[in-house]
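Listing of structure.pdb; format and content: PDB, C-alpha atoms, pLDDT in the B column.
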ATOM      1  CA  MET A   1     -85.856 164.993  23.296  1.00 49.00           C
ATOM      2  CA  ILE A   2     -82.436 163.848  22.202  1.00 50.00           C
ATOM      3  CA  ARG A   3     -80.917 166.450  24.503  1.00 53.00           C
ATOM      4  CA  LEU A   4     -82.979 165.135  27.427  1.00 47.00           C
ATOM      5  CA  GLN A   5     -81.844 161.548  26.661  1.00 57.00           C
ATOM      6  CA  ARG A   6     -78.180 162.670  26.632  1.00 58.00           C
ATOM      7  CA  MET A   7     -78.614 164.452  29.983  1.00 50.00           C
ATOM      8  CA  LEU A   8     -80.228 161.383  31.520  1.00 48.00           C
ATOM      9  CA  GLY A   9     -77.438 159.179  30.109  1.00 51.00           C
ATOM     10  CA  ALA A  10     -74.755 161.461  31.569  1.00 49.00           C
ATOM     11  CA  ALA A  11     -76.514 161.459  34.969  1.00 48.00           C
ATOM     12  CA  ALA A  12     -76.696 157.664  34.911  1.00 47.00           C
ATOM     13  CA  LEU A  13     -72.960 157.459  34.061  1.00 43.00           C
ATOM     14  CA  ILE A  14     -72.060 159.796  36.942  1.00 46.00           C
ATOM     15  CA  ALA A  15     -74.205 157.714  39.311  1.00 45.00           C
ATOM     16  CA  LEU A  16     -72.505 154.498  38.115  1.00 43.00           C
ATOM     17  CA  VAL A  17     -68.978 155.947  38.548  1.00 44.00           C
ATOM     18  CA  GLY A  18     -69.969 157.197  42.002  1.00 45.00           C
ATOM     19  CA  ALA A  19     -71.279 153.778  42.975  1.00 43.00           C
ATOM     20  CA  THR A  20     -68.080 152.082  41.711  1.00 44.00           C
ATOM     21  CA  ALA A  21     -65.956 154.567  43.633  1.00 43.00           C
ATOM     22  CA  CYS A  22     -67.957 153.873  46.776  1.00 43.00           C
ATOM     23  CA  LYS A  23     -67.362 150.134  46.380  1.00 45.00           C
ATOM     24  CA  LYS A  24     -63.588 150.739  46.493  1.00 46.00           C
ATOM     25  CA  GLU A  25     -63.781 152.257  49.949  1.00 47.00           C
ATOM     26  CA  ALA A  26     -62.711 150.017  52.824  1.00 44.00           C
ATOM     27  CA  PRO A  27     -65.617 148.448  54.620  1.00 45.00           C
ATOM     28  CA  PRO A  28     -66.250 149.818  58.074  1.00 44.00           C
ATOM     29  CA  THR A  29     -64.480 147.991  60.894  1.00 42.00           C
ATOM     30  CA  ILE A  30     -66.782 145.861  62.964  1.00 44.00           C
ATOM     31  CA  GLY A  31     -65.728 144.789  66.429  1.00 41.00           C
ATOM     32  CA  GLY A  32     -62.254 146.358  66.251  1.00 42.00           C
ATOM     33  CA  ALA A  33     -60.315 143.198  67.204  1.00 45.00           C
ATOM     34  CA  ASP A  34     -56.514 143.725  67.192  1.00 47.00           C
ATOM     35  CA  THR A  35     -54.990 141.300  64.710  1.00 47.00           C
ATOM     36  CA  THR A  36     -51.367 142.548  65.125  1.00 48.00           C
ATOM     37  CA  MET A  37     -48.929 139.618  65.570  1.00 53.00           C
ATOM     38  CA  ALA A  38     -46.433 139.818  68.435  1.00 56.00           C
ATOM     39  CA  MET A  39     -42.906 139.853  66.927  1.00 58.00           C
ATOM     40  CA  PRO A  40     -40.246 137.729  68.691  1.00 60.00           C
ATOM     41  CA  SER A  41     -37.537 139.716  70.458  1.00 68.00           C
ATOM     42  CA  THR A  42     -34.290 140.221  68.555  1.00 70.00           C
ATOM     43  CA  ASN A  43     -32.352 139.479  71.753  1.00 86.00           C
ATOM     44  CA  LEU A  44     -31.522 135.908  72.662  1.00 91.00           C
ATOM     45  CA  SER A  45     -32.380 134.838  76.197  1.00 93.00           C
ATOM     46  CA  VAL A  46     -31.671 131.503  77.789  1.00 96.00           C
ATOM     47  CA  THR A  47     -34.866 130.221  79.378  1.00 96.00           C
ATOM     48  CA  GLY A  48     -33.644 126.879  80.703  1.00 96.00           C
ATOM     49  CA  ILE A  49     -30.679 124.511  81.047  1.00 97.00           C
ATOM     50  CA  GLU A  50     -31.141 120.806  81.686  1.00 97.00           C
ATOM     51  CA  LEU A  51     -28.659 117.954  81.918  1.00 98.00           C
ATOM     52  CA  GLY A  52     -29.172 114.354  80.913  1.00 97.00           C
ATOM     53  CA  LYS A  53     -27.736 111.264  79.224  1.00 96.00           C
ATOM     54  CA  ALA A  54     -29.681 111.580  75.957  1.00 95.00           C
ATOM     55  CA  VAL A  55     -31.683 114.082  73.923  1.00 95.00           C
ATOM     56  CA  GLY A  56     -34.644 113.618  71.612  1.00 94.00           C
ATOM     57  CA  VAL A  57     -35.174 115.083  68.146  1.00 93.00           C
ATOM     58  CA  ASP A  58     -36.400 118.230  69.882  1.00 95.00           C
ATOM     59  CA  LYS A  59     -32.893 118.483  71.476  1.00 96.00           C
ATOM     60  CA  ARG A  60     -34.415 118.340  74.970  1.00 96.00           C
ATOM     61  CA  VAL A  61     -32.994 115.844  77.447  1.00 95.00           C
ATOM     62  CA  SER A  62     -35.329 112.910  77.845  1.00 90.00           C
ATOM     63  CA  MET A  63     -34.696 112.508  81.575  1.00 94.00           C
ATOM     64  CA  PRO A  64     -33.140 115.458  83.463  1.00 96.00           C
ATOM     65  CA  MET A  65     -30.516 114.412  86.005  1.00 97.00           C
ATOM     66  CA  THR A  66     -27.499 115.774  87.865  1.00 97.00           C
ATOM     67  CA  THR A  67     -25.583 112.551  88.645  1.00 97.00           C
ATOM     68  CA  PHE A  68     -23.814 110.585  85.930  1.00 98.00           C
ATOM     69  CA  GLY A  69     -21.767 107.421  85.558  1.00 97.00           C
ATOM     70  CA  THR A  70     -18.110 107.423  84.574  1.00 96.00           C
ATOM     71  CA  ARG A  71     -18.862 106.180  81.023  1.00 96.00           C
ATOM     72  CA  ASP A  72     -21.828 108.439  80.250  1.00 96.00           C
ATOM     73  CA  THR A  73     -22.117 110.982  77.475  1.00 96.00           C
ATOM     74  CA  ILE A  74     -23.390 114.101  79.201  1.00 97.00           C
ATOM     75  CA  TYR A  75     -25.816 116.394  77.428  1.00 97.00           C
ATOM     76  CA  ALA A  76     -26.753 119.974  78.307  1.00 97.00           C
ATOM     77  CA  SER A  77     -29.961 121.115  76.669  1.00 98.00           C
ATOM     78  CA  VAL A  78     -30.268 124.911  76.440  1.00 97.00           C
ATOM     79  CA  ALA A  79     -33.683 126.426  75.736  1.00 97.00           C
ATOM     80  CA  THR A  80     -33.721 129.937  74.285  1.00 96.00           C
ATOM     81  CA  SER A  81     -36.208 132.530  73.154  1.00 95.00           C
ATOM     82  CA  GLY A  82     -35.756 135.451  70.814  1.00 93.00           C
ATOM     83  CA  ALA A  83     -34.984 135.812  67.126  1.00 91.00           C
ATOM     84  CA  PRO A  84     -31.661 137.578  66.591  1.00 91.00           C
ATOM     85  CA  ALA A  85     -30.123 137.350  63.108  1.00 88.00           C
ATOM     86  CA  THR A  86     -27.322 135.294  64.660  1.00 88.00           C
ATOM     87  CA  ALA A  87     -26.335 134.461  68.207  1.00 91.00           C
ATOM     88  CA  THR A  88     -23.557 132.363  69.667  1.00 89.00           C
ATOM     89  CA  LEU A  89     -24.184 129.964  72.504  1.00 92.00           C
ATOM     90  CA  SER A  90     -21.194 128.468  74.279  1.00 90.00           C
ATOM     91  CA  ALA A  91     -20.867 125.751  76.894  1.00 92.00           C
ATOM     92  CA  VAL A  92     -17.834 125.576  79.154  1.00 91.00           C
ATOM     93  CA  TRP A  93     -17.501 122.308  81.067  1.00 94.00           C
ATOM     94  CA  SER A  94     -15.264 122.272  84.123  1.00 93.00           C
ATOM     95  CA  PHE A  95     -14.107 119.922  86.865  1.00 94.00           C
ATOM     96  CA  THR A  96     -13.323 120.959  90.432  1.00 93.00           C
ATOM     97  CA  GLN A  97     -11.002 119.091  92.771  1.00 91.00           C
ATOM     98  CA  ASP A  98      -9.382 120.255  96.021  1.00 88.00           C
ATOM     99  CA  GLY A  99     -10.427 123.830  95.287  1.00 87.00           C
ATOM    100  CA  GLN A 100      -8.808 123.780  91.833  1.00 87.00           C
ATOM    101  CA  THR A 101     -10.802 123.998  88.626  1.00 87.00           C
ATOM    102  CA  ALA A 102      -9.831 122.579  85.239  1.00 87.00           C
ATOM    103  CA  VAL A 103     -11.654 123.282  81.985  1.00 86.00           C
ATOM    104  CA  VAL A 104     -12.841 119.974  80.566  1.00 90.00           C
ATOM    105  CA  ASP A 105     -14.081 121.362  77.251  1.00 88.00           C
ATOM    106  CA  SER A 106     -15.566 124.442  75.674  1.00 85.00           C
ATOM    107  CA  SER A 107     -17.628 124.540  72.510  1.00 87.00           C
ATOM    108  CA  SER A 108     -19.811 127.059  70.696  1.00 87.00           C
ATOM    109  CA  GLN A 109     -22.765 126.947  68.375  1.00 90.00           C
ATOM    110  CA  THR A 110     -23.862 129.886  66.239  1.00 90.00           C
ATOM    111  CA  ILE A 111     -27.575 129.855  65.505  1.00 93.00           C
ATOM    112  CA  SER A 112     -30.147 131.956  63.674  1.00 92.00           C
ATOM    113  CA  PRO A 113     -33.335 131.242  65.613  1.00 94.00           C
ATOM    114  CA  THR A 114     -36.733 132.480  64.497  1.00 92.00           C
ATOM    115  CA  GLY A 115     -38.255 132.126  67.969  1.00 93.00           C
ATOM    116  CA  ASP A 116     -38.089 129.538  70.734  1.00 95.00           C
ATOM    117  CA  ALA A 117     -35.290 127.030  70.127  1.00 96.00           C
ATOM    118  CA  VAL A 118     -33.332 124.333  71.914  1.00 97.00           C
ATOM    119  CA  THR A 119     -29.601 123.749  71.459  1.00 97.00           C
ATOM    120  CA  GLU A 120     -27.762 120.772  72.896  1.00 96.00           C
ATOM    121  CA  PHE A 121     -24.105 120.481  73.850  1.00 96.00           C
ATOM    122  CA  HIS A 122     -22.545 117.157  74.770  1.00 95.00           C
ATOM    123  CA  VAL A 123     -19.255 115.791  76.043  1.00 94.00           C
ATOM    124  CA  SER A 124     -17.939 112.255  76.093  1.00 94.00           C
ATOM    125  CA  ARG A 125     -14.640 110.581  76.790  1.00 93.00           C
ATOM    126  CA  ALA A 126     -12.992 107.365  75.640  1.00 87.00           C
ATOM    127  CA  ASN A 127     -11.580 106.895  79.138  1.00 90.00           C
ATOM    128  CA  ALA A 128     -13.772 106.979  82.222  1.00 95.00           C
ATOM    129  CA  TRP A 129     -14.669 110.388  83.635  1.00 97.00           C
ATOM    130  CA  PRO A 130     -12.853 111.052  86.897  1.00 96.00           C
ATOM    131  CA  THR A 131     -15.387 110.940  89.709  1.00 96.00           C
ATOM    132  CA  GLY A 132     -16.146 114.265  91.364  1.00 95.00           C
ATOM    133  CA  THR A 133     -17.888 117.583  90.906  1.00 96.00           C
ATOM    134  CA  TYR A 134     -18.378 119.201  87.521  1.00 97.00           C
ATOM    135  CA  LYS A 135     -20.109 122.263  86.180  1.00 96.00           C
ATOM    136  CA  VAL A 136     -21.356 123.425  82.808  1.00 96.00           C
ATOM    137  CA  GLU A 137     -21.701 127.164  82.294  1.00 94.00           C
ATOM    138  CA  VAL A 138     -23.645 128.487  79.322  1.00 94.00           C
ATOM    139  CA  PHE A 139     -22.830 131.781  77.630  1.00 91.00           C
ATOM    140  CA  ALA A 140     -25.067 133.679  75.211  1.00 90.00           C
ATOM    141  CA  ASN A 141     -23.042 136.032  73.020  1.00 86.00           C
ATOM    142  CA  GLY A 142     -20.231 135.889  75.553  1.00 82.00           C
ATOM    143  CA  ALA A 143     -22.329 136.724  78.618  1.00 87.00           C
ATOM    144  CA  SER A 144     -22.960 134.093  81.267  1.00 90.00           C
ATOM    145  CA  ALA A 145     -26.537 132.871  80.997  1.00 94.00           C
ATOM    146  CA  GLY A 146     -26.557 130.272  83.760  1.00 95.00           C
ATOM    147  CA  SER A 147     -24.832 127.130  84.942  1.00 96.00           C
ATOM    148  CA  ARG A 148     -25.610 123.668  86.276  1.00 97.00           C
ATOM    149  CA  ASP A 149     -23.518 121.601  88.691  1.00 97.00           C
ATOM    150  CA  PHE A 150     -23.377 117.841  88.377  1.00 98.00           C
ATOM    151  CA  GLU A 151     -21.529 114.887  89.786  1.00 97.00           C
ATOM    152  CA  VAL A 152     -19.873 111.867  88.289  1.00 97.00           C
ATOM    153  CA  ARG A 153     -19.873 108.803  90.545  1.00 95.00           C
TER     154      ARG A 153
ATOM    155  CA  MET B   1       4.243 121.452 104.846  1.00 55.00           C
ATOM    156  CA  ALA B   2       4.219 119.808 101.432  1.00 58.00           C
ATOM    157  CA  ASP B   3       1.192 120.297  99.186  1.00 60.00           C
ATOM    158  CA  ILE B   4      -0.466 116.877  98.851  1.00 68.00           C
ATOM    159  CA  ARG B   5      -3.163 117.852  96.378  1.00 72.00           C
ATOM    160  CA  LYS B   6      -3.990 115.223  93.790  1.00 79.00           C
ATOM    161  CA  PRO B   7      -2.859 116.162  90.279  1.00 85.00           C
ATOM    162  CA  MET B   8      -5.688 117.403  88.070  1.00 87.00           C
ATOM    163  CA  PRO B   9      -6.890 114.861  85.508  1.00 90.00           C
ATOM    164  CA  ASP B  10      -5.994 115.286  81.839  1.00 88.00           C
ATOM    165  CA  PHE B  11      -9.125 116.035  79.797  1.00 89.00           C
ATOM    166  CA  SER B  12      -7.401 116.347  76.431  1.00 83.00           C
ATOM    167  CA  ASP B  13      -9.262 113.285  75.100  1.00 87.00           C
ATOM    168  CA  VAL B  14     -12.730 114.757  75.674  1.00 89.00           C
ATOM    169  CA  GLN B  15     -14.932 114.798  72.591  1.00 89.00           C
ATOM    170  CA  SER B  16     -17.694 117.360  72.293  1.00 90.00           C
ATOM    171  CA  GLY B  17     -20.404 118.464  69.920  1.00 90.00           C
ATOM    172  CA  SER B  18     -23.587 120.462  69.616  1.00 93.00           C
ATOM    173  CA  SER B  19     -26.723 120.788  67.518  1.00 94.00           C
ATOM    174  CA  SER B  20     -29.820 122.941  67.563  1.00 95.00           C
ATOM    175  CA  THR B  21     -33.450 123.088  66.519  1.00 95.00           C
ATOM    176  CA  ALA B  22     -32.640 126.589  65.237  1.00 93.00           C
ATOM    177  CA  ARG B  23     -30.935 127.115  61.913  1.00 89.00           C
ATOM    178  CA  GLU B  24     -27.238 126.633  62.525  1.00 82.00           C
ATOM    179  CA  THR B  25     -24.825 129.103  61.010  1.00 73.00           C
ATOM    180  CA  PRO B  26     -21.921 127.247  59.429  1.00 65.00           C
ATOM    181  CA  LYS B  27     -18.725 127.969  61.280  1.00 56.00           C
ATOM    182  CA  SER B  28     -17.112 129.182  58.064  1.00 49.00           C
ATOM    183  CA  ALA B  29     -19.831 131.830  57.769  1.00 47.00           C
ATOM    184  CA  VAL B  30     -19.007 133.250  61.163  1.00 49.00           C
ATOM    185  CA  GLN B  31     -16.930 136.338  60.811  1.00 51.00           C
ATOM    186  CA  GLU B  32     -13.285 135.682  61.555  1.00 60.00           C
ATOM    187  CA  GLN B  33     -11.510 137.880  64.054  1.00 73.00           C
ATOM    188  CA  THR B  34      -8.294 139.653  63.246  1.00 77.00           C
ATOM    189  CA  TYR B  35      -5.456 140.726  65.492  1.00 82.00           C
ATOM    190  CA  THR B  36      -2.838 143.381  64.825  1.00 83.00           C
ATOM    191  CA  VAL B  37       0.589 142.338  66.080  1.00 86.00           C
ATOM    192  CA  LYS B  38       2.208 144.616  68.651  1.00 85.00           C
ATOM    193  CA  LYS B  39       5.866 144.941  69.569  1.00 86.00           C
ATOM    194  CA  GLY B  40       6.881 142.075  71.862  1.00 88.00           C
ATOM    195  CA  ASP B  41       4.096 139.721  70.698  1.00 89.00           C
ATOM    196  CA  SER B  42       4.644 136.083  69.837  1.00 91.00           C
ATOM    197  CA  LEU B  43       2.149 133.565  68.487  1.00 91.00           C
ATOM    198  CA  SER B  44       2.019 131.792  71.835  1.00 90.00           C
ATOM    199  CA  LYS B  45       1.414 135.086  73.674  1.00 89.00           C
ATOM    200  CA  ILE B  46      -1.425 135.893  71.287  1.00 88.00           C
ATOM    201  CA  ALA B  47      -2.878 132.382  71.662  1.00 85.00           C
ATOM    202  CA  LYS B  48      -2.692 132.715  75.444  1.00 83.00           C
ATOM    203  CA  SER B  49      -4.456 136.049  75.380  1.00 81.00           C
ATOM    204  CA  LEU B  50      -7.169 135.088  72.861  1.00 81.00           C
ATOM    205  CA  TYR B  51      -7.734 131.406  73.590  1.00 80.00           C
ATOM    206  CA  GLY B  52      -6.432 131.256  77.157  1.00 79.00           C
ATOM    207  CA  ASP B  53      -3.966 128.581  76.037  1.00 83.00           C
ATOM    208  CA  ALA B  54      -0.486 129.369  74.681  1.00 85.00           C
ATOM    209  CA  SER B  55      -0.136 125.893  73.187  1.00 85.00           C
ATOM    210  CA  ARG B  56      -2.788 126.739  70.576  1.00 85.00           C
ATOM    211  CA  TRP B  57      -0.408 129.105  68.705  1.00 89.00           C
ATOM    212  CA  ARG B  58      -0.242 126.600  65.835  1.00 86.00           C
ATOM    213  CA  ARG B  59      -3.914 127.281  64.950  1.00 84.00           C
ATOM    214  CA  ILE B  60      -3.026 130.924  64.391  1.00 87.00           C
ATOM    215  CA  PHE B  61       0.099 129.970  62.466  1.00 86.00           C
ATOM    216  CA  GLU B  62      -1.826 127.590  60.170  1.00 83.00           C
ATOM    217  CA  ALA B  63      -4.471 130.244  59.459  1.00 83.00           C
ATOM    218  CA  ASN B  64      -1.777 132.736  58.460  1.00 84.00           C
ATOM    219  CA  ARG B  65       0.643 130.589  56.464  1.00 82.00           C
ATOM    220  CA  ASP B  66       0.253 133.048  53.611  1.00 79.00           C
ATOM    221  CA  ILE B  67       1.875 135.837  55.608  1.00 84.00           C
ATOM    222  CA  ILE B  68       3.911 133.976  58.250  1.00 86.00           C
ATOM    223  CA  LYS B  69       6.781 131.900  56.924  1.00 85.00           C
ATOM    224  CA  ASP B  70       8.494 131.308  60.254  1.00 87.00           C
ATOM    225  CA  PRO B  71       6.310 131.073  63.392  1.00 90.00           C
ATOM    226  CA  ASP B  72       9.114 132.638  65.428  1.00 89.00           C
ATOM    227  CA  LEU B  73       9.086 135.735  63.227  1.00 90.00           C
ATOM    228  CA  ILE B  74       6.075 137.992  63.311  1.00 90.00           C
ATOM    229  CA  TYR B  75       6.210 141.747  62.917  1.00 88.00           C
ATOM    230  CA  PRO B  76       4.417 144.701  64.510  1.00 86.00           C
ATOM    231  CA  ASP B  77       1.350 145.837  62.516  1.00 83.00           C
ATOM    232  CA  GLN B  78       0.912 142.490  60.779  1.00 85.00           C
ATOM    233  CA  VAL B  79      -2.815 141.700  60.742  1.00 84.00           C
ATOM    234  CA  LEU B  80      -3.401 138.056  61.638  1.00 85.00           C
ATOM    235  CA  LYS B  81      -6.541 136.052  61.040  1.00 81.00           C
ATOM    236  CA  ILE B  82      -7.697 134.478  64.294  1.00 82.00           C
ATOM    237  CA  PRO B  83      -9.649 131.256  63.697  1.00 80.00           C
ATOM    238  CA  ASN B  84     -12.759 130.731  65.775  1.00 74.00           C
ATOM    239  CA  GLU B  85     -11.927 128.944  68.966  1.00 66.00           C
ATOM    240  CA  ASN B  86     -13.805 125.788  67.915  1.00 57.00           C
ATOM    241  CA  ALA B  87     -13.382 125.951  64.165  1.00 50.00           C
TER     242      ALA B  87
END
Would you mind writing the file's structure down as structure tokens?
Amino acid sequence: MIRLQRMLGAAALIALVGATACKKEAPPTIGGADTTMAMPSTNLSVTGIELGKAVGVDKRVSMPMTTFGTRDTIYASVATSGAPATATLSAVWSFTQDGQTAVVDSSSQTISPTGDAVTEFHVSRANAWPTGTYKVEVFANGASAGSRDFEVR
Amino acid sequence: MADIRKPMPDFSDVQSGSSSTARETPKSAVQEQTYTVKKGDSLSKIAKSLYGDASRWRRIFEANRDIIKDPDLIYPDQVLKIPNENA
């Protein structure tokens, strides 16, 4: 009798361990929806350049324009996508007159974006801007990424 | 026929700046370039070739005061620190 009780006890223990082991198995997948997140690219690409007289906290120009007054501060808002560890954006501002071009200013900003970002560059002058045709060219890691022409009247 | 083009304006008083919604890397954290002096080089030649402006030789001189005592005397194989263009 005691032997029978021991055998039954051992069988019950085996059944319990088996049940516990079964509980540890992953539940079967239902539906099979893909929950993988899309990772941002590690390359920086410029997705837009806009000019204006002011930018908001989001660094975007509040009112895009291409004609400025002689006393304006001129902003170039550069939208980018991608998440490189670091990337350098540069803006080269130039003035053209009688077929000659002079560099007005060049400045760079090194950023570590985690996705879509906006970077603003601005130029101002204590004296009035000479009237005429200007251009801002944007470079991403040294490669031209686009330009915008504008006028000062 | 004389050239009657207007002189180009002087933009040396232009002020500029930038900011970003992305995390900005401090300029000091950006890796500095170096340049190895070759025979016939001068600070203004190096500034012209790296910055496009010979008159910016003083930036290179100031960044290398520890190894350049006289800006007119640099030697082949000296390794110069080249400050970032907008640092």
For Pro7 of chain B, the closest of A:Val78, A:Ala87, A:Met65, A:Ala102 counting all atoms listed in the file is A:Ala102
Could you work out which residues of chain A fall inside 9 Å of chain B? Count all atoms listed in the file, and format the result as a PyMOL selection string.
chain A and resi 57-59+86+95-98+100-127+129-130
Contact residues around Val136 of chain A with only C-alpha atoms at 6 Å, ignoring same-chain residues under 6 positions, as a PyMOL selection string
chain A and resi 92-93+147-148
Result set, the PyMOL selection byres ((chain B and resi 50) around 12) on current file, as number ranges by chain:
B: 33-35, 43-49, 51-57, 59-60, 81-85
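Taking only C-alpha atoms into account, the polymer residues that have an atom no farther than 9 Å from (2.9, 139.4, 67.8) are Tyr35, Thr36, Val37, Lys38, Lys39, Gly40, Asp41, Ser42, Leu43, Ser44, Lys45, Ile46, Leu73, Ile74, Tyr75, Pro76, Asp77, Gln78 and Leu80 of chain B.
One distance worth recording is that between atom CA of Val152 of chain A and atom CA of Phe139 of chain A, which is 22.8 Å.
The two atoms in question, atom CA of Pro64 of chain A and atom CA of Gly52 of chain A, are spaced 4.8 Å apart.
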Residue members of the PyMOL selection byres ((chain A and resi 67) around 10) in the file shown, as number ranges by chain:
A: 51-53, 64-66, 68-70, 74, 132-134, 149-153
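Comparing the minimum interatomic distances between Asp72 of chain A and each of A:Gly99, A:Thr47, A:Ala140, A:Ala54, counting all atoms listed in the file, we find that A:Ala54 sits nearest.
Between atom CA of Val55 of chain A and atom CA of Asn141 of chain A lies a distance of 23.6 Å.
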Mind giving me the axis-aligned box for segment 113-126 of chain A with 6 Å on every side, centre plus edges in Å to one decimal, as AutoDock Vina command-line options?
--center_x -25.6 --center_y 119.9 --center_z 70.6 --size_x 37.3 --size_y 37.1 --size_z 24.3
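Closest approach to Lys135 of chain A among A:Ser94, A:Ser62, A:Thr80, A:Thr42 is made by A:Ser94 (distances from only C-alpha atoms).
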Could you write segment 71-78 of chain B as a PDB file, in the coordinates of the input, with all heavy atoms rebuilt where they are missing?
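rebuild-v1.pdb written:
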ATOM      1  N   PRO B  71       7.166 130.730  62.232  1.00 90.00           N
ATOM      2  CA  PRO B  71       6.310 131.073  63.392  1.00 90.00           C
ATOM      3  C   PRO B  71       7.031 131.863  64.478  1.00 90.00           C
ATOM      4  O   PRO B  71       6.368 132.471  65.334  1.00 90.00           O
ATOM      5  CB  PRO B  71       5.839 129.713  63.907  1.00 90.00           C
ATOM      6  CG  PRO B  71       6.776 128.711  63.355  1.00 90.00           C
ATOM      7  CD  PRO B  71       7.303 129.277  62.064  1.00 90.00           C
ATOM      8  N   ASP B  72       8.368 131.850  64.438  1.00 89.00           N
ATOM      9  CA  ASP B  72       9.114 132.638  65.428  1.00 89.00           C
ATOM     10  C   ASP B  72       9.326 134.076  64.973  1.00 89.00           C
ATOM     11  O   ASP B  72       9.913 134.878  65.701  1.00 89.00           O
ATOM     12  CB  ASP B  72      10.487 131.996  65.697  1.00 89.00           C
ATOM     13  CG  ASP B  72      10.334 130.682  66.430  1.00 89.00           C
ATOM     14  OD1 ASP B  72       9.384 130.577  67.245  1.00 89.00           O
ATOM     15  OD2 ASP B  72      11.110 129.753  66.166  1.00 89.00           O
ATOM     16  N   LEU B  73       8.874 134.386  63.763  1.00 90.00           N
ATOM     17  CA  LEU B  73       9.086 135.735  63.227  1.00 90.00           C
ATOM     18  C   LEU B  73       7.758 136.371  62.815  1.00 90.00           C
ATOM     19  O   LEU B  73       7.221 136.061  61.742  1.00 90.00           O
ATOM     20  CB  LEU B  73      10.009 135.681  62.002  1.00 90.00           C
ATOM     21  CG  LEU B  73      11.502 135.531  62.271  1.00 90.00           C
ATOM     22  CD1 LEU B  73      12.251 135.457  60.944  1.00 90.00           C
ATOM     23  CD2 LEU B  73      12.044 136.685  63.106  1.00 90.00           C
ATOM     24  N   ILE B  74       7.231 137.178  63.694  1.00 90.00           N
ATOM     25  CA  ILE B  74       6.075 137.992  63.311  1.00 90.00           C
ATOM     26  C   ILE B  74       6.444 139.442  63.586  1.00 90.00           C
ATOM     27  O   ILE B  74       7.334 139.719  64.403  1.00 90.00           O
ATOM     28  CB  ILE B  74       4.777 137.596  64.060  1.00 90.00           C
ATOM     29  CG1 ILE B  74       4.958 137.669  65.582  1.00 90.00           C
ATOM     30  CG2 ILE B  74       4.306 136.225  63.626  1.00 90.00           C
ATOM     31  CD1 ILE B  74       3.663 137.458  66.346  1.00 90.00           C
ATOM     32  N   TYR B  75       5.793 140.343  62.887  1.00 88.00           N
ATOM     33  CA  TYR B  75       6.210 141.747  62.917  1.00 88.00           C
ATOM     34  C   TYR B  75       5.076 142.659  63.383  1.00 88.00           C
ATOM     35  O   TYR B  75       3.904 142.382  63.092  1.00 88.00           O
ATOM     36  CB  TYR B  75       6.660 142.173  61.512  1.00 88.00           C
ATOM     37  CG  TYR B  75       7.773 141.316  60.971  1.00 88.00           C
ATOM     38  CD1 TYR B  75       7.505 140.262  60.112  1.00 88.00           C
ATOM     39  CD2 TYR B  75       9.091 141.544  61.364  1.00 88.00           C
ATOM     40  CE1 TYR B  75       8.528 139.453  59.632  1.00 88.00           C
ATOM     41  CE2 TYR B  75      10.114 140.733  60.885  1.00 88.00           C
ATOM     42  CZ  TYR B  75       9.832 139.691  60.024  1.00 88.00           C
ATOM     43  OH  TYR B  75      10.846 138.886  59.569  1.00 88.00           O
ATOM     44  N   PRO B  76       5.438 143.737  64.099  1.00 86.00           N
ATOM     45  CA  PRO B  76       4.417 144.701  64.510  1.00 86.00           C
ATOM     46  C   PRO B  76       3.617 145.174  63.302  1.00 86.00           C
ATOM     47  O   PRO B  76       4.164 145.336  62.208  1.00 86.00           O
ATOM     48  CB  PRO B  76       5.231 145.846  65.134  1.00 86.00           C
ATOM     49  CG  PRO B  76       6.492 145.207  65.589  1.00 86.00           C
ATOM     50  CD  PRO B  76       6.785 144.116  64.589  1.00 86.00           C
ATOM     51  N   ASP B  77       2.311 145.357  63.527  1.00 83.00           N
ATOM     52  CA  ASP B  77       1.350 145.837  62.516  1.00 83.00           C
ATOM     53  C   ASP B  77       0.934 144.774  61.503  1.00 83.00           C
ATOM     54  O   ASP B  77       0.116 145.071  60.635  1.00 83.00           O
ATOM     55  CB  ASP B  77       1.854 147.095  61.785  1.00 83.00           C
ATOM     56  CG  ASP B  77       2.043 148.260  62.745  1.00 83.00           C
ATOM     57  OD1 ASP B  77       1.260 148.320  63.725  1.00 83.00           O
ATOM     58  OD2 ASP B  77       2.957 149.056  62.556  1.00 83.00           O
ATOM     59  N   GLN B  78       1.463 143.562  61.611  1.00 85.00           N
ATOM     60  CA  GLN B  78       0.912 142.490  60.779  1.00 85.00           C
ATOM     61  C   GLN B  78      -0.510 142.213  61.272  1.00 85.00           C
ATOM     62  O   GLN B  78      -0.744 142.189  62.484  1.00 85.00           O
ATOM     63  CB  GLN B  78       1.734 141.196  60.953  1.00 85.00           C
ATOM     64  CG  GLN B  78       2.842 141.027  59.955  1.00 85.00           C
ATOM     65  CD  GLN B  78       3.551 139.685  60.120  1.00 85.00           C
ATOM     66  OE1 GLN B  78       3.837 139.263  61.246  1.00 85.00           O
ATOM     67  NE2 GLN B  78       3.853 139.043  59.013  1.00 85.00           N
TER      68      GLN B  78
END
